[in-house]
Amino acid sequence: MSQDLLFLTGVNILMAWSVYIILLSGSLSFANGGFMALGAYAAGVLTVKWGMNFYAALALAGIGTGLVGALLAYPALRTRGVYLILVTVGLSFIIQTLIQNTDYVGGVRGMTGMMGTTNWHVWGLIAIVGVGLFWLSRSHLQRQLDAVREDERVAASLGIDVVYLKVVCFAVGAGLAAIAGGLYSHYMVFINPDHFNIFVSIYVVLYVVLGGVNNFIGPVIGASVMTLLPELVRGLQSYRPLIFGVVIIVLLLVRPNGLLSFRLRTLGAHKEGGA
Amino acid sequence: MSDTPLLDVRAISKRFGGITAIDDLSISLFKGDILGLVGPNGAGKTAFVNCVTGFYTLSGGAIHFDGRDISALPLHQRGRLGLARTFQNIRLFRRMTVAENVACALRDHADRPLRSLFRFGGDAGFVRAARDLLERVRLADKADQLAGSLPYGEARRLEIARALATRPKLLLLDEPTAGMNEEETQELLADLRRNADLIPSMIVIEHDIKFIRDVSTRVVAMDYGRKIAEGSAAEVFAHPQVVEAYLGAGDADV
């Protein structure tokens, strides 16, 4: 596998996890392509224009975007279900348009000069986030999030602060998407707003839905399969969206709960629950 | 028993558009009370529970609980103050296990969820606490089953155990014996009695008049969103307005 493909797979796994983390609290976000853009540009500005250290820039971009995510989440989470989805779609467009109109970062022409990301960075971060998500999957927090996802009103009546958990998940998911964006821009050297259009957000949500939303391995499988599958049929590159669409429809018919649909139990036997 | 009631519902009302579900209703309850709430379907009993626990926002009036005005508090804060409930149409977390349903509500860990990420002691404490509560409702052997797979009667008991996990000061049961036969109803009554140490006070909505007689210290009857009678079970069930509400106007012979 080429370095580029390995890199792309890794970034897509991180992005899929960023959607998965927000989905833990029951919200589906189509804004993560936008958060990725914020991180890509913020980290780029910090390293290229301000001469900041690569790691510090990544961390700052992640934290900053996480805070932006939290601020946006409060009003956004007043809406639910399909309305929240539409709000996040709107966010994606807004962020892209804002960047297109910001001359400081090159506007539609894009920005260049970012470098430094290697596959070690990407896959090292995957290892760290993966361990964190595994740890989470055995925790009381996971149990409360599962309760929120099943019935948020009932969960709240048991004393669980649903809004707080949703905002935290939204912020962490946005932050992770931003760091993935920072890694992306410092690998690609050149980025423009079109790299982060709404299709990025849609694809990433599909990775999670197709891979499985009930455990943290599902998004990894989904992102890997959907990144690598089109590469297997290189001769058909121009048919990539078509292949994507067919795979989605087939998978939703054959495995509507994703490729890996089991849920990890937070208590007792660590075996698979549900089918 | 102190002078201030644990729950003081002051002239509340709840309207949906032009429909009045609760109309100028006042009910107070002291620590140790077990209040039976009766009335025909649509009388506003469940709406009352929804208003107290925070599922509905009030159209008017005020609710004080444990010395605080909780009228404007969100659901989770009322839960933390000590209000817990079950649902007429059982609302378990069906894809979680029986033990997880109880564990997620455990009072000692509810308030600071993020802190649980920094617990390195394993989950023995959760397992023990959940098992203890499940034993109390005779479900310990089902701990690892999915909640959604439980038969009706067991699902109702799990809902009670989940509510008790929050260490409530007031437990509100919405038709706990609906759909149960006589034997199951008696068993549930025994369950509630056996766990009286965890149920300081209780409000029970029930159609089973015998159950209400057996369990409550006081009974309130509602009709059309209003209180029509209050007192001992014998008094309330003999009250002409209650008889009329259940059987319709005319000569009733109960």
# chains A, B, ... in the order shown; residues from 1 in each chain; ligands from 1

$ interface_residues --of "chain B" --to "chain A" --cutoff "7 Å" --atoms "only C-alpha atoms" --output "JSON, numbers by chain"
{"B": [75, 76, 77, 79, 80, 84, 93, 100, 104, 105, 110, 111, 113, 114, 116, 117, 127, 166]}

$ write_last_selection --atoms "N, CA and C atoms" --output "PDB file, in the first residue's frame"
ATOM      1  N   LEU B  75     -35.302  18.302  33.994  1.00  0.00           N
ATOM      2  CA  LEU B  75     -35.460  16.901  34.412  1.00  0.00           C
ATOM      3  C   LEU B  75     -34.334  16.388  35.297  1.00  0.00           C
ATOM      4  N   HIS B  76     -33.084  16.550  34.821  1.00  0.00           N
ATOM      5  CA  HIS B  76     -31.999  15.866  35.522  1.00  0.00           C
ATOM      6  C   HIS B  76     -31.785  16.445  36.914  1.00  0.00           C
ATOM      7  N   GLN B  77     -32.088  17.746  37.082  1.00  0.00           N
ATOM      8  CA  GLN B  77     -31.901  18.312  38.416  1.00  0.00           C
ATOM      9  C   GLN B  77     -32.966  17.805  39.381  1.00  0.00           C
ATOM     10  N   GLY B  79     -34.273  14.873  39.128  1.00  0.00           N
ATOM     11  CA  GLY B  79     -33.825  13.514  39.432  1.00  0.00           C
ATOM     12  C   GLY B  79     -32.786  13.512  40.538  1.00  0.00           C
ATOM     13  N   ARG B  80     -31.846  14.452  40.459  1.00  0.00           N
ATOM     14  CA  ARG B  80     -30.786  14.498  41.461  1.00  0.00           C
ATOM     15  C   ARG B  80     -31.297  14.926  42.831  1.00  0.00           C
ATOM     16  N   ALA B  84     -37.914  10.155  41.482  1.00  0.00           N
ATOM     17  CA  ALA B  84     -37.708   9.077  40.516  1.00  0.00           C
ATOM     18  C   ALA B  84     -39.052   8.474  40.164  1.00  0.00           C
ATOM     19  N   PHE B  93     -34.023   0.926  28.928  1.00  0.00           N
ATOM     20  CA  PHE B  93     -33.006   1.022  27.882  1.00  0.00           C
ATOM     21  C   PHE B  93     -32.856  -0.386  27.316  1.00  0.00           C
ATOM     22  N   GLU B 100     -26.898  -3.172  33.459  1.00  0.00           N
ATOM     23  CA  GLU B 100     -26.510  -1.828  32.993  1.00  0.00           C
ATOM     24  C   GLU B 100     -27.635  -0.817  33.199  1.00  0.00           C
ATOM     25  N   CYS B 104     -26.429   2.414  35.306  1.00  0.00           N
ATOM     26  CA  CYS B 104     -26.294   3.752  34.730  1.00  0.00           C
ATOM     27  C   CYS B 104     -26.988   4.800  35.587  1.00  0.00           C
ATOM     28  N   ALA B 105     -27.898   4.355  36.445  1.00  0.00           N
ATOM     29  CA  ALA B 105     -28.663   5.304  37.258  1.00  0.00           C
ATOM     30  C   ALA B 105     -28.127   5.434  38.673  1.00  0.00           C
ATOM     31  N   ALA B 110     -23.808   9.402  39.498  1.00  0.00           N
ATOM     32  CA  ALA B 110     -24.575  10.040  38.433  1.00  0.00           C
ATOM     33  C   ALA B 110     -24.081  11.450  38.115  1.00  0.00           C
ATOM     34  N   ASP B 111     -23.615  12.172  39.123  1.00  0.00           N
ATOM     35  CA  ASP B 111     -23.454  13.603  38.950  1.00  0.00           C
ATOM     36  C   ASP B 111     -22.215  14.022  38.165  1.00  0.00           C
ATOM     37  N   PRO B 113     -20.150  12.445  35.452  1.00  0.00           N
ATOM     38  CA  PRO B 113     -19.887  11.327  34.548  1.00  0.00           C
ATOM     39  C   PRO B 113     -18.446  11.286  34.029  1.00  0.00           C
ATOM     40  N   LEU B 114     -17.849  12.471  33.771  1.00  0.00           N
ATOM     41  CA  LEU B 114     -16.504  12.462  33.186  1.00  0.00           C
ATOM     42  C   LEU B 114     -15.483  11.891  34.160  1.00  0.00           C
ATOM     43  N   SER B 116     -15.721   9.408  35.880  1.00  0.00           N
ATOM     44  CA  SER B 116     -15.667   7.942  35.820  1.00  0.00           C
ATOM     45  C   SER B 116     -14.565   7.467  34.880  1.00  0.00           C
ATOM     46  N   LEU B 117     -14.119   8.350  33.981  1.00  0.00           N
ATOM     47  CA  LEU B 117     -13.036   7.961  33.081  1.00  0.00           C
ATOM     48  C   LEU B 117     -11.725   7.797  33.839  1.00  0.00           C
ATOM     49  N   VAL B 127     -20.895  -3.442  39.868  1.00  0.00           N
ATOM     50  CA  VAL B 127     -21.476  -4.779  39.779  1.00  0.00           C
ATOM     51  C   VAL B 127     -22.189  -5.120  41.081  1.00  0.00           C
ATOM     52  N   THR B 166     -31.376   5.529  41.935  1.00  0.00           N
ATOM     53  CA  THR B 166     -31.098   6.958  42.093  1.00  0.00           C
ATOM     54  C   THR B 166     -31.273   7.410  43.543  1.00  0.00           C
TER      55      THR B 166
END

$ select_by_dssp --residues "segment 52-248 of chain A" --states "strand (DSSP E)" --output "list in words"
Met111, Thr112, Phe190 and Ile191 of chain A

$ atom_distance --atom1 "atom CA of Thr86 of chain B" --atom2 "atom CA of Asp174 of chain B"
5.9 Å

$ closest_residue --among "B:Arg112, B:Lys31, B:His239, B:Arg94" --to "Ala155 of chain B" --atoms "only C-alpha atoms"
B:Arg94

$ atom_distance --atom1 "atom CA of Pro219 of chain A" --atom2 "atom CA of Ser18 of chain A"
9.6 Å

$ residues_around --residues "Ile19 of chain B" --least-positions-apart "2" --cutoff "12 Å" --atoms "only C-alpha atoms" --output "compact mmCIF listing (two decimals) with N, CA and C atoms, in the first residue's frame"
# COMPACT_ATOMS: atom_id res chain seq x y z
N SER B 13 -51.51 23.99 37.02
CA SER B 13 -52.35 23.65 35.89
C SER B 13 -51.46 23.32 34.70
N LYS B 14 -51.99 22.51 33.80
CA LYS B 14 -51.28 22.15 32.58
C LYS B 14 -52.28 22.13 31.44
N ARG B 15 -52.01 22.98 30.47
CA ARG B 15 -52.89 23.04 29.31
C ARG B 15 -52.11 22.69 28.04
N PHE B 16 -52.77 21.97 27.16
CA PHE B 16 -52.22 21.71 25.82
C PHE B 16 -53.15 22.39 24.84
N GLY B 17 -52.75 23.54 24.30
CA GLY B 17 -53.65 24.27 23.44
C GLY B 17 -54.92 24.58 24.22
N ALA B 21 -55.34 19.59 30.95
CA ALA B 21 -55.06 18.27 31.50
C ALA B 21 -55.10 18.32 33.01
N ILE B 22 -54.61 19.42 33.57
CA ILE B 22 -54.62 19.60 35.02
C ILE B 22 -55.11 21.00 35.31
N ASP B 23 -56.02 21.08 36.28
CA ASP B 23 -56.72 22.34 36.51
C ASP B 23 -56.67 22.68 37.99
N GLY B 42 -57.76 9.43 31.68
CA GLY B 42 -57.86 10.80 31.22
C GLY B 42 -58.12 11.81 32.32
N GLY B 44 -55.97 12.87 34.38
CA GLY B 44 -54.81 13.74 34.55
C GLY B 44 -53.78 13.19 35.53
N SER B 59 -48.19 25.07 33.20
CA SER B 59 -48.85 26.25 32.64
C SER B 59 -49.14 27.26 33.73
N TYR B 224 -61.17 14.91 35.47
CA TYR B 224 -61.05 16.11 34.65
C TYR B 224 -59.96 17.06 35.15
N GLY B 225 -58.82 16.50 35.57
CA GLY B 225 -57.69 17.33 35.96
C GLY B 225 -57.81 17.96 37.32

$ atom_distance --atom1 "atom CA of Ile228 of chain B" --atom2 "atom CA of Leu29 of chain B"
16.7 Å

$ closest_residue --among "B:Phe87, B:Phe126, B:Phe118, B:Phe48" --to "Arg157 of chain B" --atoms "only C-alpha atoms"
B:Phe87

$ residues_around --residues "Leu192 of chain B" --least-positions-apart "3" --cutoff "12 Å" --atoms "only C-alpha atoms" --output "VMD selection string"
chain B and resid 34 136 to 138 157 160 to 161 164 171 173 176 to 177 185 to 189 195 to 202 204 211 214 to 216

$ residues_around --residues "Val48 of chain A" --least-positions-apart "6" --cutoff "9 Å" --atoms "only C-alpha atoms" --output "PyMOL selection string"
chain A and resi 112-115

$ write_last_selection --atoms "C-alpha atoms" --output "mmCIF file, in the first residue's frame"
data_model
loop_
_atom_site.group_PDB
_atom_site.id
_atom_site.type_symbol
_atom_site.label_atom_id
_atom_site.label_comp_id
_atom_site.auth_asym_id
_atom_site.auth_seq_id
_atom_site.Cartn_x
_atom_site.Cartn_y
_atom_site.Cartn_z
ATOM 1 C CA THR A 112 0.286 26.384 0.932
ATOM 2 C CA GLY A 113 3.499 25.692 2.806
ATOM 3 C CA MET A 114 2.274 23.278 5.480
ATOM 4 C CA MET A 115 4.439 20.210 5.974
#

$ residues_around --residues "segment 62-67 of chain A" --least-positions-apart "4" --cutoff "7 Å" --atoms "only C-alpha atoms" --output "list in words"
Phe35, Leu38, Gly39, Leu58, Leu71, Ala171, Val172, Ala174, Gly175, Leu176, Ala178 and Ile179 of chain A

$ write_last_selection --atoms "C-alpha atoms" --output "short mmCIF file (atom, residue, chain, number, x, y, z; two decimals), in the first residue's frame"
data_model
loop_
_atom_site.label_atom_id
_atom_site.label_comp_id
_atom_site.auth_asym_id
_atom_site.auth_seq_id
_atom_site.Cartn_x
_atom_site.Cartn_y
_atom_site.Cartn_z
CA PHE A 35 -14.39 21.27 11.74
CA LEU A 38 -11.06 24.83 10.73
CA GLY A 39 -8.30 22.61 12.10
CA LEU A 58 -2.10 20.80 16.21
CA LEU A 71 -20.22 27.12 21.58
CA ALA A 171 -16.65 19.53 21.46
CA VAL A 172 -14.41 16.45 21.61
CA ALA A 174 -15.05 18.70 16.68
CA GLY A 175 -11.60 18.85 18.26
CA LEU A 176 -10.60 15.45 16.89
CA ALA A 178 -9.72 19.57 13.67
CA ILE A 179 -6.58 17.64 14.58
#

$ decode --residues "segment 59-122 of chain B" --atoms "C-alpha atoms" --output "PDB file, in the first residue's frame"
ATOM      1  CA  SER B  59     -48.845  26.254  32.636  1.00  0.00           C
ATOM      2  CA  GLY B  60     -49.450  27.698  36.095  1.00  0.00           C
ATOM      3  CA  GLY B  61     -48.882  27.166  39.785  1.00  0.00           C
ATOM      4  CA  ALA B  62     -45.763  25.988  41.572  1.00  0.00           C
ATOM      5  CA  ILE B  63     -44.213  22.777  42.848  1.00  0.00           C
ATOM      6  CA  HIS B  64     -42.028  22.706  45.939  1.00  0.00           C
ATOM      7  CA  PHE B  65     -39.990  19.642  46.770  1.00  0.00           C
ATOM      8  CA  ASP B  66     -37.885  19.156  49.863  1.00  0.00           C
ATOM      9  CA  GLY B  67     -38.097  22.871  50.641  1.00  0.00           C
ATOM     10  CA  ARG B  68     -37.176  24.109  47.153  1.00  0.00           C
ATOM     11  CA  ASP B  69     -39.215  25.540  44.329  1.00  0.00           C
ATOM     12  CA  ILE B  70     -38.562  23.051  41.527  1.00  0.00           C
ATOM     13  CA  SER B  71     -41.177  24.395  39.114  1.00  0.00           C
ATOM     14  CA  ALA B  72     -38.589  25.553  36.584  1.00  0.00           C
ATOM     15  CA  LEU B  73     -35.886  22.941  37.146  1.00  0.00           C
ATOM     16  CA  PRO B  74     -34.931  20.657  34.249  1.00  0.00           C
ATOM     17  CA  LEU B  75     -35.460  16.901  34.412  1.00  0.00           C
ATOM     18  CA  HIS B  76     -31.999  15.866  35.522  1.00  0.00           C
ATOM     19  CA  GLN B  77     -31.901  18.312  38.416  1.00  0.00           C
ATOM     20  CA  ARG B  78     -35.217  17.032  39.734  1.00  0.00           C
ATOM     21  CA  GLY B  79     -33.825  13.514  39.432  1.00  0.00           C
ATOM     22  CA  ARG B  80     -30.786  14.498  41.461  1.00  0.00           C
ATOM     23  CA  LEU B  81     -32.951  16.138  44.126  1.00  0.00           C
ATOM     24  CA  GLY B  82     -34.622  12.811  44.760  1.00  0.00           C
ATOM     25  CA  LEU B  83     -37.560  12.371  42.393  1.00  0.00           C
ATOM     26  CA  ALA B  84     -37.708   9.077  40.516  1.00  0.00           C
ATOM     27  CA  ARG B  85     -40.464   7.478  38.511  1.00  0.00           C
ATOM     28  CA  THR B  86     -41.603   4.547  36.449  1.00  0.00           C
ATOM     29  CA  PHE B  87     -43.661   4.739  33.283  1.00  0.00           C
ATOM     30  CA  GLN B  88     -47.095   3.498  32.363  1.00  0.00           C
ATOM     31  CA  ASN B  89     -45.674   2.302  29.046  1.00  0.00           C
ATOM     32  CA  ILE B  90     -42.418   0.778  30.272  1.00  0.00           C
ATOM     33  CA  ARG B  91     -39.392   2.763  29.098  1.00  0.00           C
ATOM     34  CA  LEU B  92     -36.303   0.659  29.722  1.00  0.00           C
ATOM     35  CA  PHE B  93     -33.006   1.022  27.882  1.00  0.00           C
ATOM     36  CA  ARG B  94     -33.841  -2.067  25.865  1.00  0.00           C
ATOM     37  CA  ARG B  95     -30.517  -2.637  24.140  1.00  0.00           C
ATOM     38  CA  MET B  96     -28.583  -2.478  27.397  1.00  0.00           C
ATOM     39  CA  THR B  97     -28.351  -5.342  29.842  1.00  0.00           C
ATOM     40  CA  VAL B  98     -30.496  -5.598  32.932  1.00  0.00           C
ATOM     41  CA  ALA B  99     -27.511  -4.804  35.162  1.00  0.00           C
ATOM     42  CA  GLU B 100     -26.510  -1.828  32.993  1.00  0.00           C
ATOM     43  CA  ASN B 101     -30.010  -0.374  33.227  1.00  0.00           C
ATOM     44  CA  VAL B 102     -29.602  -0.209  36.978  1.00  0.00           C
ATOM     45  CA  ALA B 103     -25.913   0.721  36.998  1.00  0.00           C
ATOM     46  CA  CYS B 104     -26.294   3.752  34.730  1.00  0.00           C
ATOM     47  CA  ALA B 105     -28.663   5.304  37.258  1.00  0.00           C
ATOM     48  CA  LEU B 106     -26.632   4.660  40.408  1.00  0.00           C
ATOM     49  CA  ARG B 107     -26.862   7.746  42.527  1.00  0.00           C
ATOM     50  CA  ASP B 108     -23.292   7.828  43.798  1.00  0.00           C
ATOM     51  CA  HIS B 109     -21.915   8.116  40.298  1.00  0.00           C
ATOM     52  CA  ALA B 110     -24.575  10.040  38.433  1.00  0.00           C
ATOM     53  CA  ASP B 111     -23.454  13.603  38.950  1.00  0.00           C
ATOM     54  CA  ARG B 112     -19.931  13.612  37.562  1.00  0.00           C
ATOM     55  CA  PRO B 113     -19.887  11.327  34.548  1.00  0.00           C
ATOM     56  CA  LEU B 114     -16.504  12.462  33.186  1.00  0.00           C
ATOM     57  CA  ARG B 115     -14.832  11.581  36.456  1.00  0.00           C
ATOM     58  CA  SER B 116     -15.667   7.942  35.820  1.00  0.00           C
ATOM     59  CA  LEU B 117     -13.036   7.961  33.081  1.00  0.00           C
ATOM     60  CA  PHE B 118     -10.403   8.326  35.762  1.00  0.00           C
ATOM     61  CA  ARG B 119     -11.518   5.392  37.861  1.00  0.00           C
ATOM     62  CA  PHE B 120      -8.932   2.682  37.679  1.00  0.00           C
ATOM     63  CA  GLY B 121     -10.388   0.367  40.300  1.00  0.00           C
ATOM     64  CA  GLY B 122     -12.467  -1.699  37.894  1.00  0.00           C
TER      65      GLY B 122
END
